[in-house]
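Peer 1: Got a structure for you, coords-v1.cif, holding mmCIF, C-alpha atoms.
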data_structure
loop_
_atom_site.group_PDB
_atom_site.id
_atom_site.type_symbol
_atom_site.label_atom_id
_atom_site.label_comp_id
_atom_site.auth_asym_id
_atom_site.auth_seq_id
_atom_site.Cartn_x
_atom_site.Cartn_y
_atom_site.Cartn_z
ATOM 1 C CA GLU A 56 92.807 111.481 109.489
ATOM 2 C CA ALA A 57 90.096 108.877 108.946
ATOM 3 C CA GLY A 58 90.711 106.359 106.192
ATOM 4 C CA VAL A 59 88.403 105.001 103.529
ATOM 5 C CA ALA A 60 85.376 103.397 105.147
ATOM 6 C CA GLN A 61 83.452 100.494 103.659
ATOM 7 C CA SER A 62 80.453 98.512 104.772
ATOM 8 C CA PRO A 63 79.493 95.827 105.239
ATOM 9 C CA ARG A 64 82.751 93.956 105.780
ATOM 10 C CA TYR A 65 81.221 90.598 104.882
ATOM 11 C CA LYS A 66 78.145 89.547 102.952
ATOM 12 C CA ILE A 67 76.783 86.147 102.034
ATOM 13 C CA ILE A 68 73.930 85.899 99.538
ATOM 14 C CA GLU A 69 72.418 83.357 97.201
ATOM 15 C CA LYS A 70 72.744 83.656 93.460
ATOM 16 C CA ARG A 71 70.159 85.855 91.773
ATOM 17 C CA GLN A 72 69.822 87.986 94.913
ATOM 18 C CA SER A 73 70.800 91.656 95.044
ATOM 19 C CA VAL A 74 73.480 93.258 97.155
ATOM 20 C CA ALA A 75 74.826 96.763 97.747
ATOM 21 C CA PHE A 76 78.126 98.007 99.104
ATOM 22 C CA TRP A 77 78.856 101.427 100.529
ATOM 23 C CA CYS A 78 82.056 103.459 100.521
ATOM 24 C CA ASN A 79 82.962 106.735 102.205
ATOM 25 C CA PRO A 80 86.254 108.110 100.867
ATOM 26 C CA ILE A 81 88.791 110.239 102.673
ATOM 27 C CA SER A 82 87.452 113.751 103.095
ATOM 28 C CA GLY A 83 88.367 115.992 100.187
ATOM 29 C CA HIS A 84 89.324 113.197 97.812
ATOM 30 C CA ALA A 85 87.700 113.949 94.477
ATOM 31 C CA THR A 86 88.491 110.611 92.851
ATOM 32 C CA LEU A 87 86.875 107.372 93.964
ATOM 33 C CA TYR A 88 87.524 103.880 92.599
ATOM 34 C CA TRP A 89 85.799 100.513 92.948
ATOM 35 C CA TYR A 90 87.933 97.400 92.377
ATOM 36 C CA GLN A 91 87.004 93.720 92.327
ATOM 37 C CA GLN A 92 89.576 91.281 93.749
ATOM 38 C CA ILE A 93 88.901 87.634 93.044
ATOM 39 C CA LEU A 94 90.775 85.174 95.265
ATOM 40 C CA GLY A 95 94.337 84.673 94.039
ATOM 41 C CA GLN A 96 94.229 87.626 91.650
ATOM 42 C CA GLY A 97 95.098 91.285 91.769
ATOM 43 C CA PRO A 98 92.392 93.922 92.055
ATOM 44 C CA LYS A 99 90.631 94.866 88.820
ATOM 45 C CA LEU A 100 89.146 98.329 88.324
ATOM 46 C CA LEU A 101 85.373 98.342 87.917
ATOM 47 C CA ILE A 102 84.641 102.063 87.885
ATOM 48 C CA GLN A 103 86.347 105.394 88.534
ATOM 49 C CA PHE A 104 84.547 108.571 89.584
ATOM 50 C CA GLN A 105 85.783 112.137 89.518
ATOM 51 C CA ASN A 106 83.495 113.996 91.919
ATOM 52 C CA ASN A 107 80.035 112.756 90.824
ATOM 53 C CA GLY A 108 80.992 111.972 87.219
ATOM 54 C CA VAL A 109 82.137 108.653 85.764
ATOM 55 C CA VAL A 110 85.665 108.710 84.306
ATOM 56 C CA ASP A 111 86.038 105.038 83.412
ATOM 57 C CA ASP A 112 83.499 102.217 83.631
ATOM 58 C CA SER A 113 84.809 100.173 80.722
ATOM 59 C CA GLN A 114 85.208 97.003 82.831
ATOM 60 C CA LEU A 115 81.948 97.276 84.745
ATOM 61 C CA PRO A 116 79.483 94.490 83.759
ATOM 62 C CA LYS A 117 76.658 96.908 83.215
ATOM 63 C CA ASP A 118 73.994 94.258 82.779
ATOM 64 C CA ARG A 119 74.206 93.501 86.499
ATOM 65 C CA PHE A 120 76.504 96.018 88.184
ATOM 66 C CA SER A 121 75.727 99.666 88.849
ATOM 67 C CA ALA A 122 77.425 102.369 90.865
ATOM 68 C CA GLU A 123 76.649 105.910 91.830
ATOM 69 C CA ARG A 124 78.229 108.834 93.633
ATOM 70 C CA LEU A 125 75.380 111.282 93.559
ATOM 71 C CA LYS A 126 76.800 114.057 95.739
ATOM 72 C CA GLY A 127 80.422 113.479 94.862
ATOM 73 C CA VAL A 128 81.252 112.081 98.296
ATOM 74 C CA ASP A 129 80.188 108.575 99.278
ATOM 75 C CA SER A 130 79.363 105.889 96.763
ATOM 76 C CA THR A 131 77.361 102.698 96.439
ATOM 77 C CA LEU A 132 78.042 99.696 94.230
ATOM 78 C CA LYS A 133 75.156 97.339 93.492
ATOM 79 C CA ILE A 134 74.953 93.889 91.963
ATOM 80 C CA GLN A 135 71.574 92.716 90.703
ATOM 81 C CA PRO A 136 71.245 89.787 90.209
ATOM 82 C CA ALA A 137 74.384 88.209 91.647
ATOM 83 C CA LYS A 138 76.152 85.257 90.055
ATOM 84 C CA LEU A 139 78.490 82.717 91.605
ATOM 85 C CA GLU A 140 81.457 84.300 89.830
ATOM 86 C CA ASP A 141 80.823 87.600 91.621
ATOM 87 C CA SER A 142 82.287 86.113 94.799
ATOM 88 C CA ALA A 143 85.216 88.405 95.531
ATOM 89 C CA VAL A 144 86.467 91.227 97.735
ATOM 90 C CA TYR A 145 85.188 94.623 96.602
ATOM 91 C CA LEU A 146 87.671 97.381 97.347
ATOM 92 C CA CYS A 147 87.035 101.083 97.407
ATOM 93 C CA ALA A 148 89.879 103.569 97.050
ATOM 94 C CA SER A 149 90.151 107.328 96.874
ATOM 95 C CA SER A 150 92.749 109.890 95.876
ATOM 96 C CA LEU A 151 93.371 113.577 95.499
ATOM 97 C CA VAL A 152 93.869 115.177 92.132
ATOM 98 C CA SER A 153 96.507 117.893 92.117
ATOM 99 C CA ALA A 154 96.546 120.996 89.982
ATOM 100 C CA GLY A 155 97.299 120.035 86.409
ATOM 101 C CA GLY A 156 95.358 116.785 86.688
ATOM 102 C CA VAL A 157 98.017 114.749 88.490
ATOM 103 C CA TYR A 158 96.527 111.816 90.381
ATOM 104 C CA ASN A 159 98.006 111.218 93.801
ATOM 105 C CA GLU A 160 98.361 108.069 95.901
ATOM 106 C CA GLN A 161 95.283 105.871 96.172
ATOM 107 C CA PHE A 162 94.189 104.942 99.678
ATOM 108 C CA PHE A 163 92.261 101.695 99.980
ATOM 109 C CA GLY A 164 89.480 100.699 102.322
ATOM 110 C CA PRO A 165 89.363 97.316 104.090
ATOM 111 C CA GLY A 166 87.064 95.845 101.459
ATOM 112 C CA THR A 167 83.781 93.943 101.489
ATOM 113 C CA ARG A 168 84.077 90.182 101.115
ATOM 114 C CA LEU A 169 81.118 88.864 99.095
ATOM 115 C CA THR A 170 80.253 85.186 98.955
ATOM 116 C CA VAL A 171 77.585 84.103 96.471
ATOM 117 C CA LEU A 172 76.142 80.642 97.128
ATOM 118 C CA GLY B 253 97.885 94.419 75.627
ATOM 119 C CA ASN B 254 98.309 96.373 78.795
ATOM 120 C CA SER B 255 99.211 94.050 81.647
ATOM 121 C CA VAL B 256 101.440 93.462 84.648
ATOM 122 C CA THR B 257 103.107 90.107 85.275
ATOM 123 C CA GLN B 258 104.634 89.060 88.580
ATOM 124 C CA MET B 259 106.627 86.014 89.550
ATOM 125 C CA GLU B 260 104.601 83.132 90.942
ATOM 126 C CA GLY B 261 104.444 82.648 94.673
ATOM 127 C CA PRO B 262 104.626 81.778 97.403
ATOM 128 C CA VAL B 263 108.153 82.898 98.015
ATOM 129 C CA THR B 264 109.542 81.443 101.252
ATOM 130 C CA LEU B 265 112.710 82.897 102.756
ATOM 131 C CA SER B 266 114.593 82.755 106.001
ATOM 132 C CA GLU B 267 114.996 85.936 108.027
ATOM 133 C CA GLU B 268 117.819 88.197 106.758
ATOM 134 C CA ALA B 269 117.762 86.627 103.290
ATOM 135 C CA PHE B 270 117.835 88.755 100.121
ATOM 136 C CA LEU B 271 114.490 89.254 98.388
ATOM 137 C CA THR B 272 113.676 89.776 94.732
ATOM 138 C CA ILE B 273 110.144 89.731 93.358
ATOM 139 C CA ASN B 274 110.087 90.152 89.595
ATOM 140 C CA CYS B 275 107.586 92.378 87.840
ATOM 141 C CA THR B 276 107.314 93.175 84.142
ATOM 142 C CA TYR B 277 104.735 95.235 82.327
ATOM 143 C CA THR B 278 103.428 95.877 78.858
ATOM 144 C CA ALA B 279 102.165 99.332 78.082
ATOM 145 C CA THR B 280 102.090 102.136 75.632
ATOM 146 C CA GLY B 281 103.359 105.494 76.711
ATOM 147 C CA TYR B 282 105.014 106.155 80.044
ATOM 148 C CA PRO B 283 103.092 104.640 82.919
ATOM 149 C CA SER B 284 103.807 105.210 86.586
ATOM 150 C CA LEU B 285 104.787 102.037 88.437
ATOM 151 C CA PHE B 286 103.928 100.965 91.970
ATOM 152 C CA TRP B 287 104.378 98.266 94.556
ATOM 153 C CA TYR B 288 101.496 97.762 96.980
ATOM 154 C CA VAL B 289 101.576 95.499 100.036
ATOM 155 C CA GLN B 290 98.788 93.729 101.873
ATOM 156 C CA TYR B 291 99.708 92.545 105.357
ATOM 157 C CA PRO B 292 97.577 89.778 106.900
ATOM 158 C CA GLY B 293 94.203 91.154 107.938
ATOM 159 C CA GLU B 294 94.924 94.637 106.604
ATOM 160 C CA GLY B 295 94.047 96.643 103.520
ATOM 161 C CA LEU B 296 96.220 97.420 100.526
ATOM 162 C CA GLN B 297 98.788 100.117 101.102
ATOM 163 C CA LEU B 298 101.326 101.795 98.899
ATOM 164 C CA LEU B 299 104.891 100.581 99.474
ATOM 165 C CA LEU B 300 106.785 102.577 96.849
ATOM 166 C CA LYS B 301 106.448 104.111 93.419
ATOM 167 C CA ALA B 302 108.365 105.471 90.435
ATOM 168 C CA THR B 303 106.961 107.831 87.861
ATOM 169 C CA LYS B 304 109.583 107.881 85.111
ATOM 170 C CA ALA B 305 112.346 105.803 83.604
ATOM 171 C CA ASP B 306 115.403 105.191 85.823
ATOM 172 C CA ASP B 307 113.587 106.460 88.922
ATOM 173 C CA LYS B 308 114.165 104.369 92.037
ATOM 174 C CA GLY B 309 111.374 104.069 94.564
ATOM 175 C CA SER B 310 112.286 103.099 98.116
ATOM 176 C CA ASN B 311 110.584 102.600 101.468
ATOM 177 C CA LYS B 312 111.126 100.451 104.584
ATOM 178 C CA GLY B 313 114.303 98.964 103.069
ATOM 179 C CA PHE B 314 112.549 97.941 99.860
ATOM 180 C CA GLU B 315 113.670 99.303 96.493
ATOM 181 C CA ALA B 316 112.555 99.075 92.885
ATOM 182 C CA THR B 317 113.975 100.745 89.778
ATOM 183 C CA TYR B 318 111.882 101.698 86.746
ATOM 184 C CA ARG B 319 113.662 99.998 83.812
ATOM 185 C CA LYS B 320 112.095 101.140 80.558
ATOM 186 C CA GLU B 321 114.497 99.157 78.386
ATOM 187 C CA THR B 322 113.444 95.878 80.017
ATOM 188 C CA THR B 323 109.923 97.043 80.995
ATOM 189 C CA SER B 324 110.568 95.863 84.530
ATOM 190 C CA PHE B 325 110.111 97.087 88.096
ATOM 191 C CA HIS B 326 111.568 94.357 90.294
ATOM 192 C CA LEU B 327 111.178 94.654 94.066
ATOM 193 C CA GLU B 328 114.261 94.028 96.217
ATOM 194 C CA LYS B 329 115.201 94.046 99.870
ATOM 195 C CA GLY B 330 118.601 93.220 101.238
ATOM 196 C CA SER B 331 117.513 91.570 104.469
ATOM 197 C CA VAL B 332 113.917 90.494 105.038
ATOM 198 C CA GLN B 333 112.212 90.215 108.405
ATOM 199 C CA VAL B 334 109.361 88.037 109.599
ATOM 200 C CA SER B 335 107.216 91.184 109.668
ATOM 201 C CA ASP B 336 107.643 91.527 105.878
ATOM 202 C CA SER B 337 105.429 88.473 105.370
ATOM 203 C CA ALA B 338 102.596 89.726 103.179
ATOM 204 C CA VAL B 339 101.202 89.735 99.656
ATOM 205 C CA TYR B 340 102.980 92.125 97.293
ATOM 206 C CA PHE B 341 101.296 93.579 94.226
ATOM 207 C CA CYS B 342 103.015 95.285 91.321
ATOM 208 C CA ALA B 343 100.854 97.814 89.502
ATOM 209 C CA ARG B 344 101.030 100.370 86.738
ATOM 210 C CA SER B 345 98.999 103.451 86.053
ATOM 211 C CA PRO B 346 98.585 104.640 82.483
ATOM 212 C CA SER B 347 99.589 108.237 81.987
ATOM 213 C CA ASN B 348 97.095 110.767 83.304
ATOM 214 C CA THR B 349 94.380 108.271 84.207
ATOM 215 C CA GLY B 350 94.782 107.568 87.914
ATOM 216 C CA LYS B 351 93.554 103.982 87.611
ATOM 217 C CA LEU B 352 95.759 101.078 88.661
ATOM 218 C CA ILE B 353 96.339 97.838 86.735
ATOM 219 C CA PHE B 354 97.599 95.167 89.109
ATOM 220 C CA GLY B 355 99.606 91.994 88.760
ATOM 221 C CA GLN B 356 98.300 88.835 90.361
ATOM 222 C CA GLY B 357 100.234 89.298 93.604
ATOM 223 C CA THR B 358 103.137 87.377 95.159
ATOM 224 C CA THR B 359 102.910 85.935 98.648
ATOM 225 C CA LEU B 360 106.066 86.280 100.725
ATOM 226 C CA GLN B 361 106.577 84.104 103.788
ATOM 227 C CA VAL B 362 109.583 84.871 105.980
ATOM 228 C CA LYS B 363 110.536 82.257 108.555
ATOM 229 C CA PRO B 364 112.554 82.988 111.694
#
Can you dump the structure from the file as structure tokens?
Peer 2:
Amino acid sequence: EAGVAQSPRYKIIEKRQSVAFWCNPISGHATLYWYQQILGQGPKLLIQFQNNGVVDDSQLPKDRFSAERLKGVDSTLKIQPAKLEDSAVYLCASSLVSAGGVYNEQFFGPGTRLTVL
Amino acid sequence: GNSVTQMEGPVTLSEEAFLTINCTYTATGYPSLFWYVQYPGEGLQLLLKATKADDKGSNKGFEATYRKETTSFHLEKGSVQVSDSAVYFCARSPSNTGKLIFGQGTTLQVKP
């Protein structure tokens, strides 16, 4: 079974530029998550999708970050414009949701390492 | 607030030593608790979990018990190996949400 795919693996941009990350979850996983992991910290949830709807985006800096999952499968996360403090690893994860709304194990992709200069 | 606190790292041990990595949480309700591991050059993967009080999660010789009275979920292993060198993350998931709230991670280095 293929895992969660992310691209690109690395990205270097200058501040005020735009950048986009792509994630393809495990086939059949209805729930998709984007996390931000700053060096030396644990991952922090940015946004959670259930199919193509947003479940939780309370920690997404909406003035510069946006995310979509239009067809309920793959997803893109965009930053526009980027700031120095956005330098981090962006992780995508996916999970099944069982009958009764029970969330199962999250499987993580390899992440995209973003450096903002 | 709702948070997860882990002991500071790095933790450096000799092979076959006993390991404890402390984790405490603050939360309302009855969260599920997890330990994730990140081996060098690899992605995050689930190590073990517990979904209710007094449950013990176990995998690959690691164990952790959900202690509601002390709001803790300490990770233990009786005899570590060099291959256990990694970053370990404690996490909790609020009831019925799916999302994970992580601690800051603890780096474990095991020397031969």
Peer 1: Could you please give me, as a PyMOL selection string, the residues of protein, DNA or RNA lying at most 9 Å from (91.6, 94.8, 91.5) in the coordinate frame of the file, considering only C-alpha atoms?
Peer 2: (chain A and resi 89-93+96-101+144-146) or (chain B and resi 352-355)
Peer 1: Return as a PDB file with C-alpha atoms, keeping the file's coordinate frame the set of residues that the PyMOL selection byres ((chain B) within 12 of (chain A)) yields on the displayed structure.
Peer 2:
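The result, stored in selection26.pdb:
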ATOM      1  CA  SER B 255      99.211  94.050  81.647  1.00  0.00           C
ATOM      2  CA  VAL B 256     101.440  93.462  84.648  1.00  0.00           C
ATOM      3  CA  THR B 257     103.107  90.107  85.275  1.00  0.00           C
ATOM      4  CA  GLN B 258     104.634  89.060  88.580  1.00  0.00           C
ATOM      5  CA  GLU B 260     104.601  83.132  90.942  1.00  0.00           C
ATOM      6  CA  GLY B 261     104.444  82.648  94.673  1.00  0.00           C
ATOM      7  CA  PRO B 262     104.626  81.778  97.403  1.00  0.00           C
ATOM      8  CA  SER B 284     103.807 105.210  86.586  1.00  0.00           C
ATOM      9  CA  LEU B 285     104.787 102.037  88.437  1.00  0.00           C
ATOM     10  CA  PHE B 286     103.928 100.965  91.970  1.00  0.00           C
ATOM     11  CA  TRP B 287     104.378  98.266  94.556  1.00  0.00           C
ATOM     12  CA  TYR B 288     101.496  97.762  96.980  1.00  0.00           C
ATOM     13  CA  VAL B 289     101.576  95.499 100.036  1.00  0.00           C
ATOM     14  CA  GLN B 290      98.788  93.729 101.873  1.00  0.00           C
ATOM     15  CA  TYR B 291      99.708  92.545 105.357  1.00  0.00           C
ATOM     16  CA  PRO B 292      97.577  89.778 106.900  1.00  0.00           C
ATOM     17  CA  GLY B 293      94.203  91.154 107.938  1.00  0.00           C
ATOM     18  CA  GLU B 294      94.924  94.637 106.604  1.00  0.00           C
ATOM     19  CA  GLY B 295      94.047  96.643 103.520  1.00  0.00           C
ATOM     20  CA  LEU B 296      96.220  97.420 100.526  1.00  0.00           C
ATOM     21  CA  GLN B 297      98.788 100.117 101.102  1.00  0.00           C
ATOM     22  CA  LEU B 298     101.326 101.795  98.899  1.00  0.00           C
ATOM     23  CA  LEU B 299     104.891 100.581  99.474  1.00  0.00           C
ATOM     24  CA  LEU B 300     106.785 102.577  96.849  1.00  0.00           C
ATOM     25  CA  LYS B 301     106.448 104.111  93.419  1.00  0.00           C
ATOM     26  CA  ALA B 302     108.365 105.471  90.435  1.00  0.00           C
ATOM     27  CA  THR B 303     106.961 107.831  87.861  1.00  0.00           C
ATOM     28  CA  VAL B 339     101.202  89.735  99.656  1.00  0.00           C
ATOM     29  CA  TYR B 340     102.980  92.125  97.293  1.00  0.00           C
ATOM     30  CA  PHE B 341     101.296  93.579  94.226  1.00  0.00           C
ATOM     31  CA  CYS B 342     103.015  95.285  91.321  1.00  0.00           C
ATOM     32  CA  ALA B 343     100.854  97.814  89.502  1.00  0.00           C
ATOM     33  CA  ARG B 344     101.030 100.370  86.738  1.00  0.00           C
ATOM     34  CA  SER B 345      98.999 103.451  86.053  1.00  0.00           C
ATOM     35  CA  PRO B 346      98.585 104.640  82.483  1.00  0.00           C
ATOM     36  CA  SER B 347      99.589 108.237  81.987  1.00  0.00           C
ATOM     37  CA  ASN B 348      97.095 110.767  83.304  1.00  0.00           C
ATOM     38  CA  THR B 349      94.380 108.271  84.207  1.00  0.00           C
ATOM     39  CA  GLY B 350      94.782 107.568  87.914  1.00  0.00           C
ATOM     40  CA  LYS B 351      93.554 103.982  87.611  1.00  0.00           C
ATOM     41  CA  LEU B 352      95.759 101.078  88.661  1.00  0.00           C
ATOM     42  CA  ILE B 353      96.339  97.838  86.735  1.00  0.00           C
ATOM     43  CA  PHE B 354      97.599  95.167  89.109  1.00  0.00           C
ATOM     44  CA  GLY B 355      99.606  91.994  88.760  1.00  0.00           C
ATOM     45  CA  GLN B 356      98.300  88.835  90.361  1.00  0.00           C
ATOM     46  CA  GLY B 357     100.234  89.298  93.604  1.00  0.00           C
ATOM     47  CA  THR B 358     103.137  87.377  95.159  1.00  0.00           C
ATOM     48  CA  THR B 359     102.910  85.935  98.648  1.00  0.00           C
TER      49      THR B 359
END
Peer 1: Run the PyMOL selection byres ((chain B and resi 265) around 9) against the file shown and list the residues it catches, as a list in words.
Peer 2: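 With the shown file as input, the PyMOL selection byres ((chain B and resi 265) around 9) matches Val263, Thr264, Ser266, Glu267, Glu268, Ala269, Phe270, Leu271, Val332, Leu360, Gln361, Val362, Lys363 and Pro364 of chain B.
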Peer 1: May I have the residues from that selection written out with C-alpha atoms, as a short mmCIF file (atom, residue, chain, number, x, y, z; two decimals), in the frame of the given file?
Peer 2:
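Listed below is the output, out-v1.cif:
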data_model
loop_
_atom_site.label_atom_id
_atom_site.label_comp_id
_atom_site.auth_asym_id
_atom_site.auth_seq_id
_atom_site.Cartn_x
_atom_site.Cartn_y
_atom_site.Cartn_z
CA VAL B 263 108.15 82.90 98.02
CA THR B 264 109.54 81.44 101.25
CA SER B 266 114.59 82.76 106.00
CA GLU B 267 115.00 85.94 108.03
CA GLU B 268 117.82 88.20 106.76
CA ALA B 269 117.76 86.63 103.29
CA PHE B 270 117.84 88.76 100.12
CA LEU B 271 114.49 89.25 98.39
CA VAL B 332 113.92 90.49 105.04
CA LEU B 360 106.07 86.28 100.72
CA GLN B 361 106.58 84.10 103.79
CA VAL B 362 109.58 84.87 105.98
CA LYS B 363 110.54 82.26 108.56
CA PRO B 364 112.55 82.99 111.69
#
Peer 1: Interatomic distance between atom CA of A:Asn79 and atom CA of A:Gln135?
Peer 2: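 Result for atom CA of A:Asn79 versus atom CA of A:Gln135: 21.4 Å, one decimal.
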Peer 1: Using the chain letters and numbering of this document, enumerate as a ChimeraX atom specification the residues selected by the PyMOL selection byres ((chain A and resi 107) around 9).
Peer 2: /A:85-86,104-106,108-109,123-128
Peer 1: Between atom CA of B:Thr280 and atom CA of B:Asp307, what distance in Å does the model show, to one decimal?
Peer 2: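 Atom-to-atom, atom CA of B:Thr280 and atom CA of B:Asp307 are spaced 18.1 Å apart.
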Peer 1: Report, in Å with one decimal, the straight-line distance from atom CA of A:Lys117 to atom CA of A:Ile134.
Peer 2: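 Answer for the atom CA of A:Lys117 to atom CA of A:Ile134 separation: 9.4 Å.
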Peer 1: Within 8 Å of A:Ala137, counting only C-alpha atoms, which residues show up once you throw out same-chain ones fewer than 2 positions away? Write them as a ChimeraX atom specification, please.
Peer 2: /A:69-74,119,134-135,139,141,171
Peer 1: Residues near A:Pro63, anyone? I mean within 10 Å using all atoms listed in the file, not counting same-chain ones fewer than 3 positions away, as a list in words.
Peer 2: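 Final neighbour list, sorted by chain and number: Ala60, Lys66, Ala75, Phe76, Trp77, Cys78, Gly166, Thr167, Arg168 and Leu169 of chain A.
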Peer 1: Residues within 6 Å of B:Tyr318, please, as an MDAnalysis selection string. Count all atoms listed in the file; anything in the same chain fewer than 3 positions from it doesn't count.
Peer 2: chainID B and resid 305:307 325
Peer 1: Please give the centre and size of the box around stretch 269-288 of chain B (axis-aligned, containing every atom listed in the file, 3 Å added per side), with values in Å to one decimal and written as JSON.
Peer 2:
{"center_x": 109.7, "center_y": 96.4, "center_z": 89.5, "size_x": 22.3, "size_y": 25.5, "size_z": 33.7}
Peer 1: Export N, CA and C atoms of stretch 324-335 of chain B from the structure just given, as an mmCIF file, in the first residue's frame?
Peer 2:
data_model
loop_
_atom_site.group_PDB
_atom_site.id
_atom_site.type_symbol
_atom_site.label_atom_id
_atom_site.label_comp_id
_atom_site.auth_asym_id
_atom_site.auth_seq_id
_atom_site.Cartn_x
_atom_site.Cartn_y
_atom_site.Cartn_z
ATOM 1 N N SER B 324 -0.534 11.456 33.083
ATOM 2 C CA SER B 324 0.776 11.121 32.527
ATOM 3 C C SER B 324 0.678 9.935 31.578
ATOM 4 N N PHE B 325 1.694 9.819 30.724
ATOM 5 C CA PHE B 325 1.765 8.730 29.748
ATOM 6 C C PHE B 325 3.248 8.511 29.453
ATOM 7 N N HIS B 326 3.978 8.087 30.450
ATOM 8 C CA HIS B 326 5.431 7.949 30.347
ATOM 9 C C HIS B 326 5.816 6.748 29.489
ATOM 10 N N LEU B 327 6.813 6.947 28.649
ATOM 11 C CA LEU B 327 7.297 5.875 27.761
ATOM 12 C C LEU B 327 8.450 5.142 28.435
ATOM 13 N N GLU B 328 8.410 3.811 28.404
ATOM 14 C CA GLU B 328 9.460 3.003 29.026
ATOM 15 C C GLU B 328 9.885 1.875 28.104
ATOM 16 N N LYS B 329 11.158 1.500 28.256
ATOM 17 C CA LYS B 329 11.667 0.296 27.600
ATOM 18 C C LYS B 329 12.743 -0.287 28.505
ATOM 19 N N GLY B 330 12.691 -1.571 28.667
ATOM 20 C CA GLY B 330 13.587 -2.224 29.620
ATOM 21 C C GLY B 330 15.034 -2.280 29.174
ATOM 22 N N SER B 331 15.261 -2.363 27.870
ATOM 23 C CA SER B 331 16.620 -2.539 27.374
ATOM 24 C C SER B 331 16.718 -1.917 25.979
ATOM 25 N N VAL B 332 17.288 -0.733 25.896
ATOM 26 C CA VAL B 332 17.320 -0.027 24.615
ATOM 27 C C VAL B 332 18.448 -0.548 23.729
ATOM 28 N N GLN B 333 18.259 -0.356 22.440
ATOM 29 C CA GLN B 333 19.239 -0.735 21.431
ATOM 30 C C GLN B 333 19.666 0.503 20.654
ATOM 31 N N VAL B 334 20.807 0.388 19.989
ATOM 32 C CA VAL B 334 21.290 1.513 19.186
ATOM 33 C C VAL B 334 20.231 1.923 18.158
ATOM 34 N N SER B 335 19.514 0.942 17.640
ATOM 35 C CA SER B 335 18.491 1.212 16.621
ATOM 36 C C SER B 335 17.289 1.978 17.164
#
